[in-house]
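Colleague: Next up is a structure, given as structure tokens.
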Amino acid sequence: MQPLLDILQKTTAFFQQKGVPQARLDAELIIAHALGCRRLDLYLQFDRLLTESELAAMRPLVARRGKREPLQHLLGEAHFHGLVLKADARALIPRPETEELVELLVERLGASPPATVCDLGTGTGAIALALAAAFPQAQIAAVDASAAALTLAAENAATAGLTERVRFVESDWLAALDGERFSLIVSNPPYLTEEEWEQVEPEVRDWEPKSALTAGPDGLDDYRKIFAAAPAHLEPGGWLALETGISQHAALAEIAQEAGFATTESLNDLSGRERFFLAQQAGCTCGQ
Ligand code: GLN
């Protein structure tokens with residue numbers, strides 16, 4: 001039997017040696033998860049002697065984190081805009097920037113909420129489900145080219161109690177949605193270049209689906225496809241809202257113009273970097 005504080009310190013040191021960012025925090029979260037308590041409860045029981053079976057529950061999780069598997073995969077969940085989503089290797093772990101995109105849309109469109117929404121590349125279902133919760137009248141299509149991701153998204157919809165208004169469509173972007181128009185098309189598509197992908201943390205590079213991250217030599221391939229197809233799938237006055245890489249907006253403005261969008265807008269994330277790109281279909285001023 002070993003005191004909890006010893007185990008916490010040893011785990012932290014092991015994570016530091018493996019280059020895990022926020023080693024102490026992750027050690028606390030993993031130990032708390034294995035013990036079935038909250039992280040802060042650990043501070044009230046540093047002298048607690050851990051049993052062999054408690055240690056046995058921690059070891060595989062600690063070993064996996066040492067291999068830089070993402071914390072969310074180990075805990076099995078990620079928090080996103082008030083939802084708790086299952087997170088695993090089937091899809092990208094939802095990011096804080098993407099929460100900002102949802103927040104931006106809720107603020108922008110709250111006064112005249114979209115009746116129909118299409119989330120392209122839904123992954124865990126994060127954007128689709130957060131918007132379904134925020135816009136209780138909206139019908140949502142959650143689209144992904146990966147059947148495995150759609151299964152995960154559907155599990156998350158069931159847990160969130162949002163299956164009635166969210167449908168799941170296996171499609172290469174808008175290809176399977178012929179003839180359908182939406183008030184809002186939203187997407188966090190892949191946007192990294194190959195070079196950028198090689199430089200990301202091992203948690204992302206080694207454990208998250210590359211198909212959700214990279215998009216050709218300039219990272220713009222999927223935006224080109226989305227912009228080319230979007231006009232035929234937006235209602236008059238409808239919005240296309242995208243998460244983007246941090247130096248892509250000049251190129252996106254050109255791509256949007258070529259696709260026939262006269263109204264576009266570039267917005268920064270909380271760290272002040274170009275991150276969201278909006279384009280509005282001509283026709284009326286709904287949603288402004
Ligand atoms: N921002 C993400 C990352 O750096 C990339 C997400 C994406 O390509 N859509 O991991």
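In the structure tokens, each chain is lettered A, B, ... as it comes, each chain's residues begin at 1, and ligands are numbered from 1 in order of appearance.
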Which residues, written as a PDB file with C-alpha atoms, in the first residue's frame, have at least one atom at most 8 Å from A:Pro70, with only C-alpha atoms counted and residues fewer than 3 positions away on the same chain left out?
Modeller:
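Generated file (selection.pdb):
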ATOM      1  CA  ARG A  65      -1.083   8.646 -21.052  1.00  0.00           C
ATOM      2  CA  HIS A  73      -9.683   8.994 -24.687  1.00  0.00           C
ATOM      3  CA  LEU A  74      -8.667   7.654 -21.283  1.00  0.00           C
ATOM      4  CA  GLU A 203      -1.680  13.383 -28.833  1.00  0.00           C
ATOM      5  CA  VAL A 204      -3.068  14.729 -32.105  1.00  0.00           C
ATOM      6  CA  TRP A 207      -4.050   9.257 -31.888  1.00  0.00           C
TER       7      TRP A 207
END
Colleague: Leaving out stretch 242-250 of chain A and any residue of its chain fewer than 5 positions from it, which residues lie within 7 Å of it when counting only C-alpha atoms, given as a VMD selection string?
Modeller: chain A and resid 98 101 186 to 188 191 to 192 266 273 to 278
Colleague: For the atom pair atom CA of A:Ala133 and atom CA of A:Cys118, what is the interatomic distance in Å to one decimal place?
Modeller: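 Between atom CA of A:Ala133 and atom CA of A:Cys118 the gap is 14.2 Å.
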Colleague: Neighbouring residues of A:Gly161 were defined as those with any atom within 10 Å, considering only C-alpha atoms; residues of the same chain fewer than 4 positions away were excluded. Please report them as an mmCIF file with C-alpha atoms, in the first residue's frame.
Modeller:
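Now in selection25.cif:
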data_model
loop_
_atom_site.group_PDB
_atom_site.id
_atom_site.type_symbol
_atom_site.label_atom_id
_atom_site.label_comp_id
_atom_site.auth_asym_id
_atom_site.auth_seq_id
_atom_site.Cartn_x
_atom_site.Cartn_y
_atom_site.Cartn_z
ATOM 1 C CA LEU A 129 -25.663 18.606 -30.919
ATOM 2 C CA ALA A 133 -29.619 22.212 -27.890
ATOM 3 C CA GLU A 155 -24.364 7.600 -29.421
ATOM 4 C CA ASN A 156 -23.705 11.146 -28.257
ATOM 5 C CA ALA A 157 -27.078 12.328 -29.563
ATOM 6 C CA ARG A 165 -34.185 16.586 -34.381
#
Colleague: Leaving out A:Ala262 and any residue of its chain fewer than 2 positions from it, which residues lie within 9 Å of it when counting only C-alpha atoms, given as number ranges by chain?
Modeller: A: 256-257, 260, 264, 279-282
Colleague: Could you jot down the atom CA of A:Leu92 to atom CA of A:Glu69 separation for me, Å, one decimal place?
Modeller: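 For atom CA of A:Leu92 relative to atom CA of A:Glu69, the distance reads 12.8 Å.
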Colleague: So what do you get for atom CA of A:Gln72 versus atom CA of A:Pro94, distance-wise?
Modeller: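 Atom CA of A:Pro94 lies 9.8 Å from atom CA of A:Gln72.
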Colleague: Do you know which residues are at most 9 Å from stretch 5-18 of chain A counting only C-alpha atoms, after dropping those on the same chain fewer than 6 positions away, and could you put them as a PyMOL selection string?
Modeller: chain A and resi 24-28+31+42-43+45-48+50+55+62+65-68
Colleague: When you count only C-alpha atoms, which of these residues is closest to A:Thr116: A:Leu152, A:Ala145, A:Ile140, A:Leu104?
Modeller: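 Closest residue, counting only C-alpha atoms: A:Ile140.
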Colleague: For A:Arg167, find every residue with an atom within 9 Å (counting only C-alpha atoms), except residues of its own chain fewer than 6 positions away, and show them as a list in words.
Modeller: Gln139, Ile140, Ala141, Ala142, Val143 and Ala154 of chain A
Colleague: Write out the residues from the selection above, keeping C-alpha atoms, as an mmCIF file, in the first residue's frame.
Modeller:
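Written output follows (part.cif):
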data_model
loop_
_atom_site.group_PDB
_atom_site.id
_atom_site.type_symbol
_atom_site.label_atom_id
_atom_site.label_comp_id
_atom_site.auth_asym_id
_atom_site.auth_seq_id
_atom_site.Cartn_x
_atom_site.Cartn_y
_atom_site.Cartn_z
ATOM 1 C CA GLN A 139 -33.846 20.351 -37.669
ATOM 2 C CA ILE A 140 -30.227 19.284 -37.964
ATOM 3 C CA ALA A 141 -28.364 17.124 -40.475
ATOM 4 C CA ALA A 142 -25.099 15.800 -39.034
ATOM 5 C CA VAL A 143 -22.898 14.741 -41.940
ATOM 6 C CA ALA A 154 -25.405 9.010 -32.810
#
Colleague: Pick the closest to ligand 1 from A:Ala149, A:Ala130, A:Ala259, A:Ala91: which is it, counting only C-alpha atoms and all ligand atoms?
Modeller: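 Under the stated criterion, the closest residue is A:Ala91.
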Colleague: Quick one: DSSP alpha helix (DSSP H) residues in stretch 66-209 of chain A, as a PyMOL selection string?
Modeller: chain A and resi 66+71-75+96-109+126-134+147-160+194-199+202-207
Colleague: Which of these residues is nearest to A:Glu100, using only C-alpha atoms: A:Gly283, A:Asp119, A:Trp239, A:Ile127?
Modeller: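 Going through A:Gly283, A:Asp119, A:Trp239, A:Ile127 one by one, the smallest distance to A:Glu100 is for A:Ile127.
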Colleague: Which is closest to A:Thr159 among A:Leu85, A:Ala34, A:Leu220, A:Leu252, if we use only C-alpha atoms?
Modeller: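 For A:Thr159, the nearest of the candidates is A:Leu85.
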Colleague: Determine the nearest neighbour of A:Glu194 from the options A:Glu97, A:Ala215, A:Pro209, A:Val84, counting only C-alpha atoms.
Modeller: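 Of A:Glu97, A:Ala215, A:Pro209, A:Val84, the one nearest A:Glu194, counting only C-alpha atoms, is A:Ala215.
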